[in-house]
Amino acid sequence: MSGGNSYLNERKYFIGGFFALIAIIYIIRLFYIQVIDDKYKLDAQSNAFRYLTEYPVRGYIFDRNGKLLVFNEASYDLMVIPREVKGCDTMALCETLEISKADFFKRIKKACQHPNSPRKQSIFEKQLSPQVYAALQEKIYRFNGFFVQKRTIRKYPKPIAAHLMGYVSEVTKEKAEKDPYYKEGDYIGQSGIERSYEEALRGRKGVQIAITDVHNKIVGRYMDGKYDTLAIPGKPLYSSIDAVLQEYGEKLMKGKRGAIVAIEPQTGEILSLISSPSYDPNLLVGGKERAKNFAMLYADTLNVPLFNRALQAMYPPGSIFKLIDALIGQNEGVLHPGTSYPCARGYPPMGGKPKCHPHGPVDLKGSVAQSCNSYYSYVFRSIVDQSKFKNFTEGYNYWREQVMSFGPGRNLGTDLPYDKPGNVPSEKYYNKVFGKNGWRSNTIVSLGIGQAELTLVPLQMANVVATIANKGFYYTPHCIKGVGKEKYLDPKFKEKHYVNVTNQAFYDVVIDGMQYCLDGGTAYHSRVKDIVICGKTGTAQNPHGKDHAVFLAFAPRDNPKIAIACLVENAGFGGTWSAPIVTLMIEKYLKGKTDRPELEKRMLEADLISGKTSTVIEAH
Amino acid sequence: MNARNQNSLFYGVDRVSIMLYVIMVLLGWLNIYAAVYSEEHKSIFDMSQKYGKQLIWISGAAIIAFSVLIIDANFFTVFSYAFYGVLILANIAVRFLGREVKGSHSWFRFGDFGIQPAEFLKFAVSLALAKFLSNQQILINQQFRLRLKDLIKNYKNTFIALLIIFVPLVLVKKLQDETGLAIVFVAFVIVLYREGLSVTFLIIGMLAAILFVVSLVVSNISAIIISLAVLAAFSFVFIPRNKRNIITVSIIFSLACGVVLGTNFVYQKLEPHQKDRIDVLLGKKTDLKGVGYNVNQAKIAIGSGGLTGKGYLQGTQTKYDFVPEQETDFIFCTVGEEWGFLGSTFVIFLQLFLILRVVFLAERQRSSYSRIYGYGVASVLFFHLAVNIGMTIGLMPVIGIPLPFFSYGGSSLWSFTILLFIFLKLDANRLLILR
């Protein structure tokens, strides 16, 4: 086609000309940078640079009252560039470090192998002790190829909030390969706040370019430091944690397995987050010691101290779930403040199952205070069996959707890593267990009282009670309320999330019942004189052993300041262990002290793990 | 020519091209040796080192070159689309079957060696494009019209041609996350231009590119004002008086705004490291320890070479690992440091000479298939040359693409070899067959 098309044939000159033009531009540019411009010439004396990394200080973390939760300490690593180790006084070095010559060569070899390289710096000895560091400083000129690198490691003024803070450790090989910021031996936040706020906390490494002579001595700075970068320190984090409350809660939970989560309902800020048994976060800092202690904690399979129960342990909620039932029931118009149902120490239509404890006849308010199982079996079935649904499964899915709007069954999107979603069983799951059409509302009636496959993590429990305190909405729980000096808060934490029940009147009835729970209901023994606390007990059936005690509450009733959930594993009834702990926490937070010193003492001393408990108050 | 010569493998094969090819491959190998050189592994034949492995790749390339010359040229013309199809499939498969290397999914690995199928897409696209465009019925439209009816009728083939080019681009970028390997396909626009793509398209493309850069450098508002001024001038010159109406002008104006806003949108979507590379190129950032590191080190290495260079194996900058990727994408630094301005210029001339030689050969073809394929070869080689050397001297953003025949790596060497030798085979047959 173009053979005869002279118009197009001319284009070959344009194309060829264009190719040549670009080549000529490049050659001119090369002439400029290679011949004319001296900027890129190096000092004839120097033949190499050395890059001295300056590690920034990791950001501090403060509690809500400005108390320091974590700061840094200096630490020194001995680095090596193997190909520059020539004429090094090996014997003296081995003596200083107290290592054998064989060990010395083993380490050099390791520094040469992938992913290290003979030409790159690698760590020879981590975290020198002050004595060794001092001794090294004097002799370092004799150790060609070695130099000392300053870093910082974490230090916690009080041994609290280990799970919240998380820990910092050496970056994994995979991560270092993927993320160009990290080099082998760098530290990175591995869990907790240290992980989720890693980028803010770490700051930015700085680099000094030093010029070295043939003898590997630093003789100056490249272009007078024009291309050096200063390390940018990590940003401070202002957390919403109340260190006093956190410490108090950890003391109360000592000797017990379980978790406490306290939230400020008006903001969604986490006041404390306790997982017990815990550990001293100072155990997991630095290199050598960290590895040893981590292995030790990891090996404790009985207490699993590294496991963050507050975010990861999925427990059946037990009776606290009745609060959600009561709200959804009212919202659907199948439950009214005056509704009452029969209870014959159990749910009559199913032959007395689920069972119930003895109590007088109850209306809605009383059913919350007395935690009647039969009542909520009726409520549950009246919701899912409404005539407006085409079939039962539609009703079930509708109920599930309502429940999930309160948080169960999904990740809340908090700023702490690794939280579990809990579980609200799906239609698919029951079809698998019972066969399609093989299940009805009576089959799964125990869901109504928070048992069966239903599970929540403690954080979700606290979020439910915060939602009730707010009468219909919550802020995503978060434990950092400001990043950096400007106190930046991610806008997603300022967003109100409405649950599917928003009518204030429905909440008022339920809250009445929760108040009565302490005034004359299942948590009567934990009432506090001058604070109006609204709470709900729960006893989560545990197929593996003694039931878990659950209690959640908020206070004061008007303008709530704290919403809190507590779960103590294998402690039996919720009113016995969890309610006292929760009410003590509330007192501590609102008043700063407790009026019930004996109760406090008993709670602090109780050791449920090894079985040494003082007199147990049995109460219903 | 007598019969014996006609049967020879090299009968009619362009000697100049082969000579240039051999010189460059050997120079490349010597430079890889210099770049990776260490005293512990002095032998250039040490197979544990990259220069040793490159020798294996070079031997492979020689076998491939001979094979291509032995195969009947019709094999390539007949199976053009098949090559294209198979390589497209291979490039999809690598996403799922290949091993992840540093976050990219472009490698099939066999022990110590790896193959990037995306490299081989280059010749497949050249073949497919040549096959499609050489069809006598297919014309790339040369006029520029704005009416929708004309667009569909007249530009159908242009669109298909563009599709042949941009499907691999999107595929490689999206599935394998290899910007460098993907962006190469833009080079084929040069082929379309040779075959009749309207200059107006190119002008629009160029204006869009200028707007793109302008809106990166200045704020949005200023960009729009500048573009208004440019467009006013443009409209005045190019749009005939009778078509200068409000609709045309507003269409052009909204397109311009679209580019400006689109640029910002795309820029925001870029990965942080890609943003940084652009910022460094535009001079908005001068952080030489962070993102400008590679470029600055490359410039120091090249700049320190001076007029005549430091001599073979005497380079300190490249030898002491200051330049990253110095044996692959930054191999030109070794040339610049050790051979100086003279050596660098020599290498650029070698490359340019081969490219222009291919253009010259392409133009002497009687069959349009061979000509189009030849332009594909020249465009691809040119694009690699321009981007690769451009980035080492700070005229282009850092995009990981190899310098043809010089950079370490089997996939690229083999792919360039196949690309070039298919053309040489077609050229050798030019007198025999009219395709």
# chains A, B, ... in the order shown; residues from 1 in each chain; ligands from 1
>>> select_by_dssp(residues="segment 439-504 of chain A", states="strand (DSSP E or B)", output="list of chain:residue names")
A:Thr455, A:Leu456, A:Phe473, A:Tyr474, A:Tyr475, A:His478, A:Ile480, A:Lys481, A:Gly482, A:Val483, A:Tyr488, A:Lys496, A:His497, A:Tyr498
>>> write_last_selection(atoms="N, CA, C and O atoms", output="CSV table (one decimal), in the first residue's frame")
chain,number,residue,atom,x,y,z
A,455,THR,N,-20.5,-16.3,68.9
A,455,THR,CA,-19.3,-15.9,69.7
A,455,THR,C,-19.0,-14.4,69.4
A,455,THR,O,-19.2,-13.9,68.3
A,456,LEU,N,-18.4,-13.8,70.5
A,456,LEU,CA,-18.0,-12.4,70.4
A,456,LEU,C,-16.6,-12.3,71.0
A,456,LEU,O,-16.3,-13.1,71.9
A,473,PHE,N,-25.7,4.3,68.5
A,473,PHE,CA,-24.6,4.4,67.6
A,473,PHE,C,-23.3,4.2,68.4
A,473,PHE,O,-23.3,4.2,69.6
A,474,TYR,N,-22.3,3.9,67.6
A,474,TYR,CA,-20.9,3.8,68.2
A,474,TYR,C,-19.9,4.4,67.3
A,474,TYR,O,-20.1,4.6,66.1
A,475,TYR,N,-18.8,4.8,67.9
A,475,TYR,CA,-17.6,5.1,67.1
A,475,TYR,C,-16.7,3.9,67.1
A,475,TYR,O,-16.6,3.2,68.1
A,478,HIS,N,-10.9,2.8,69.2
A,478,HIS,CA,-9.5,3.0,68.8
A,478,HIS,C,-8.8,3.4,70.0
A,478,HIS,O,-9.3,3.9,71.0
A,480,ILE,N,-5.6,5.1,69.8
A,480,ILE,CA,-4.7,6.2,69.5
A,480,ILE,C,-5.6,7.4,69.2
A,480,ILE,O,-6.4,7.3,68.2
A,481,LYS,N,-5.5,8.5,69.9
A,481,LYS,CA,-6.4,9.6,69.6
A,481,LYS,C,-5.7,10.7,68.9
A,481,LYS,O,-6.3,11.7,68.4
A,482,GLY,N,-4.4,10.6,68.7
A,482,GLY,CA,-3.6,11.6,68.0
A,482,GLY,C,-2.3,11.1,67.6
A,482,GLY,O,-1.5,10.5,68.4
A,483,VAL,N,-1.9,11.3,66.3
A,483,VAL,CA,-0.6,10.9,65.8
A,483,VAL,C,0.2,12.2,65.6
A,483,VAL,O,-0.2,13.1,64.9
A,488,TYR,N,-3.0,14.1,64.8
A,488,TYR,CA,-3.9,13.7,63.7
A,488,TYR,C,-4.7,12.5,64.1
A,488,TYR,O,-4.2,11.5,64.6
A,496,LYS,N,-19.8,8.4,63.1
A,496,LYS,CA,-20.8,7.7,63.9
A,496,LYS,C,-21.3,6.5,63.1
A,496,LYS,O,-21.7,6.7,61.9
A,497,HIS,N,-21.4,5.4,63.7
A,497,HIS,CA,-22.0,4.2,63.0
A,497,HIS,C,-23.3,3.9,63.7
A,497,HIS,O,-23.3,3.6,64.9
A,498,TYR,N,-24.4,4.0,63.0
A,498,TYR,CA,-25.7,3.7,63.6
A,498,TYR,C,-26.0,2.3,63.5
A,498,TYR,O,-25.7,1.7,62.4
>>> residues_around(residues="segment 350-357 of chain B", least_positions_apart="2", cutoff="9 Å", atoms="only C-alpha atoms", output="count of residues only")
25
>>> residues_around(residues="Asn570 of chain A", least_positions_apart="6", cutoff="10 Å", atoms="only C-alpha atoms", output="list in words")
Lys256, Arg257, Gly258, Thr539, Ala540, Gln541, Asn542, His544, Gly545, Lys546, Asp547, His548, Ala549, Leu608 and Ile609 of chain A
>>> closest_residue(among="A:Arg204, A:Arg400, A:Lys235, A:Arg142", to="Ile61 of chain A", atoms="only C-alpha atoms")
A:Lys235
>>> residues_around(residues="segment 425-431 of chain B", least_positions_apart="5", cutoff="6 Å", atoms="only C-alpha atoms", output="list in words")
Gly12, Val13, Leu69 and Ala73 of chain B
>>> write_last_selection(atoms="all heavy atoms", output="short mmCIF file (atom, residue, chain, number, x, y, z; two decimals), in the first residue's frame")
data_model
loop_
_atom_site.label_atom_id
_atom_site.label_comp_id
_atom_site.auth_asym_id
_atom_site.auth_seq_id
_atom_site.Cartn_x
_atom_site.Cartn_y
_atom_site.Cartn_z
N GLY B 12 22.25 -13.66 1.80
CA GLY B 12 21.36 -12.51 1.80
C GLY B 12 21.16 -11.89 3.17
O GLY B 12 20.50 -10.88 3.30
N VAL B 13 21.72 -12.49 4.22
CA VAL B 13 21.54 -11.92 5.56
C VAL B 13 22.45 -10.72 5.71
O VAL B 13 23.62 -10.77 5.35
CB VAL B 13 21.87 -12.97 6.64
CG1 VAL B 13 21.76 -12.34 8.02
CG2 VAL B 13 20.93 -14.15 6.52
N LEU B 69 17.44 -18.37 11.65
CA LEU B 69 17.87 -18.24 10.26
C LEU B 69 17.59 -19.52 9.46
O LEU B 69 17.37 -19.48 8.26
CB LEU B 69 19.36 -17.90 10.19
CG LEU B 69 19.72 -16.49 10.70
CD1 LEU B 69 21.22 -16.26 10.63
CD2 LEU B 69 18.98 -15.41 9.91
N ALA B 73 11.11 -18.50 6.47
CA ALA B 73 10.54 -17.22 6.88
C ALA B 73 9.02 -17.28 6.95
O ALA B 73 8.39 -16.58 7.73
CB ALA B 73 10.98 -16.11 5.93
#
>>> atom_distance(atom1="atom CA of Val213 of chain B", atom2="atom CA of Ile278 of chain B")
9.7 Å
>>> closest_residue(among="B:Leu307, B:Val387, B:Val22, B:Val335", to="chain A", atoms="only C-alpha atoms")
B:Leu307
>>> atom_distance(atom1="atom CA of Val168 of chain A", atom2="atom CA of Lys275 of chain B")
29.3 Å
>>> residues_around(residues="segment 42-44 of chain B", least_positions_apart="2", cutoff="12 Å", atoms="only C-alpha atoms", output="VMD selection string")
chain B and resid 29 to 40 46 to 56 313
>>> write_last_selection(atoms="N, CA, C and O atoms", output="short mmCIF file (atom, residue, chain, number, x, y, z; two decimals), in the first residue's frame")
data_model
loop_
_atom_site.label_atom_id
_atom_site.label_comp_id
_atom_site.auth_asym_id
_atom_site.auth_seq_id
_atom_site.Cartn_x
_atom_site.Cartn_y
_atom_site.Cartn_z
N TRP B 29 28.98 -8.22 27.52
CA TRP B 29 29.50 -9.25 28.41
C TRP B 29 30.71 -8.72 29.20
O TRP B 29 30.81 -8.89 30.41
N LEU B 30 31.62 -8.03 28.48
CA LEU B 30 32.81 -7.47 29.16
C LEU B 30 32.39 -6.47 30.24
O LEU B 30 32.99 -6.39 31.30
N ASN B 31 31.35 -5.72 29.95
CA ASN B 31 30.91 -4.73 30.92
C ASN B 31 30.23 -5.35 32.12
O ASN B 31 30.35 -4.87 33.24
N ILE B 32 29.51 -6.44 31.89
CA ILE B 32 28.91 -7.14 33.03
C ILE B 32 30.02 -7.67 33.93
O ILE B 32 29.96 -7.56 35.16
N TYR B 33 31.05 -8.19 33.29
CA TYR B 33 32.20 -8.67 34.07
C TYR B 33 32.76 -7.54 34.92
O TYR B 33 33.00 -7.69 36.11
N ALA B 34 32.91 -6.37 34.32
CA ALA B 34 33.46 -5.24 35.06
C ALA B 34 32.52 -4.79 36.18
O ALA B 34 32.95 -4.41 37.25
N ALA B 35 31.23 -4.87 35.91
CA ALA B 35 30.27 -4.39 36.90
C ALA B 35 30.20 -5.30 38.11
O ALA B 35 30.05 -4.84 39.24
N VAL B 36 30.29 -6.60 37.88
CA VAL B 36 30.13 -7.55 38.98
C VAL B 36 31.48 -7.98 39.54
O VAL B 36 31.56 -8.56 40.61
N TYR B 37 32.54 -7.63 38.83
CA TYR B 37 33.89 -8.11 39.13
C TYR B 37 34.23 -8.11 40.62
O TYR B 37 33.98 -7.16 41.34
N SER B 38 34.73 -9.20 41.08
CA SER B 38 35.27 -9.22 42.43
C SER B 38 36.52 -10.06 42.42
O SER B 38 36.67 -10.95 41.59
N GLU B 39 37.42 -9.76 43.35
CA GLU B 39 38.72 -10.42 43.31
C GLU B 39 38.64 -11.90 43.62
O GLU B 39 39.49 -12.68 43.22
N GLU B 40 37.57 -12.28 44.33
CA GLU B 40 37.45 -13.70 44.69
C GLU B 40 37.11 -14.55 43.47
O GLU B 40 37.40 -15.73 43.42
N ASP B 46 33.67 -17.96 35.28
CA ASP B 46 33.17 -18.51 36.54
C ASP B 46 31.63 -18.57 36.51
O ASP B 46 30.95 -17.55 36.53
N MET B 47 31.10 -19.79 36.44
CA MET B 47 29.66 -19.94 36.22
C MET B 47 28.83 -19.58 37.44
O MET B 47 27.62 -19.51 37.36
N SER B 48 29.47 -19.39 38.58
CA SER B 48 28.68 -19.01 39.75
C SER B 48 28.40 -17.52 39.73
O SER B 48 27.60 -17.02 40.51
N GLN B 49 29.07 -16.80 38.84
CA GLN B 49 28.89 -15.35 38.79
C GLN B 49 28.02 -14.97 37.60
O GLN B 49 27.82 -15.76 36.68
N LYS B 50 27.56 -13.73 37.64
CA LYS B 50 26.64 -13.32 36.58
C LYS B 50 27.30 -13.29 35.22
O LYS B 50 26.66 -13.56 34.22
N TYR B 51 28.60 -12.95 35.18
CA TYR B 51 29.23 -12.92 33.86
C TYR B 51 29.36 -14.31 33.30
O TYR B 51 29.32 -14.52 32.08
N GLY B 52 29.52 -15.29 34.19
CA GLY B 52 29.56 -16.68 33.73
C GLY B 52 28.21 -17.08 33.17
O GLY B 52 28.11 -17.69 32.09
N LYS B 53 27.19 -16.72 33.91
CA LYS B 53 25.84 -17.08 33.45
C LYS B 53 25.50 -16.37 32.15
O LYS B 53 24.87 -16.94 31.27
N GLN B 54 25.97 -15.11 32.04
CA GLN B 54 25.68 -14.38 30.81
C GLN B 54 26.26 -15.11 29.61
O GLN B 54 25.68 -15.10 28.54
N LEU B 55 27.41 -15.76 29.82
CA LEU B 55 28.03 -16.52 28.73
C LEU B 55 27.08 -17.63 28.29
O LEU B 55 26.94 -17.91 27.09
N ILE B 56 26.42 -18.26 29.25
CA ILE B 56 25.44 -19.30 28.90
C ILE B 56 24.31 -18.68 28.10
O ILE B 56 23.87 -19.21 27.08
N LEU B 313 37.86 -2.15 34.31
CA LEU B 313 37.93 -2.73 35.66
C LEU B 313 38.44 -1.72 36.70
O LEU B 313 38.68 -2.08 37.84
#
>>> closest_residue(among="B:Ile71, B:Ile92, B:Ile302, B:Val170", to="chain A", atoms="only C-alpha atoms")
B:Ile302
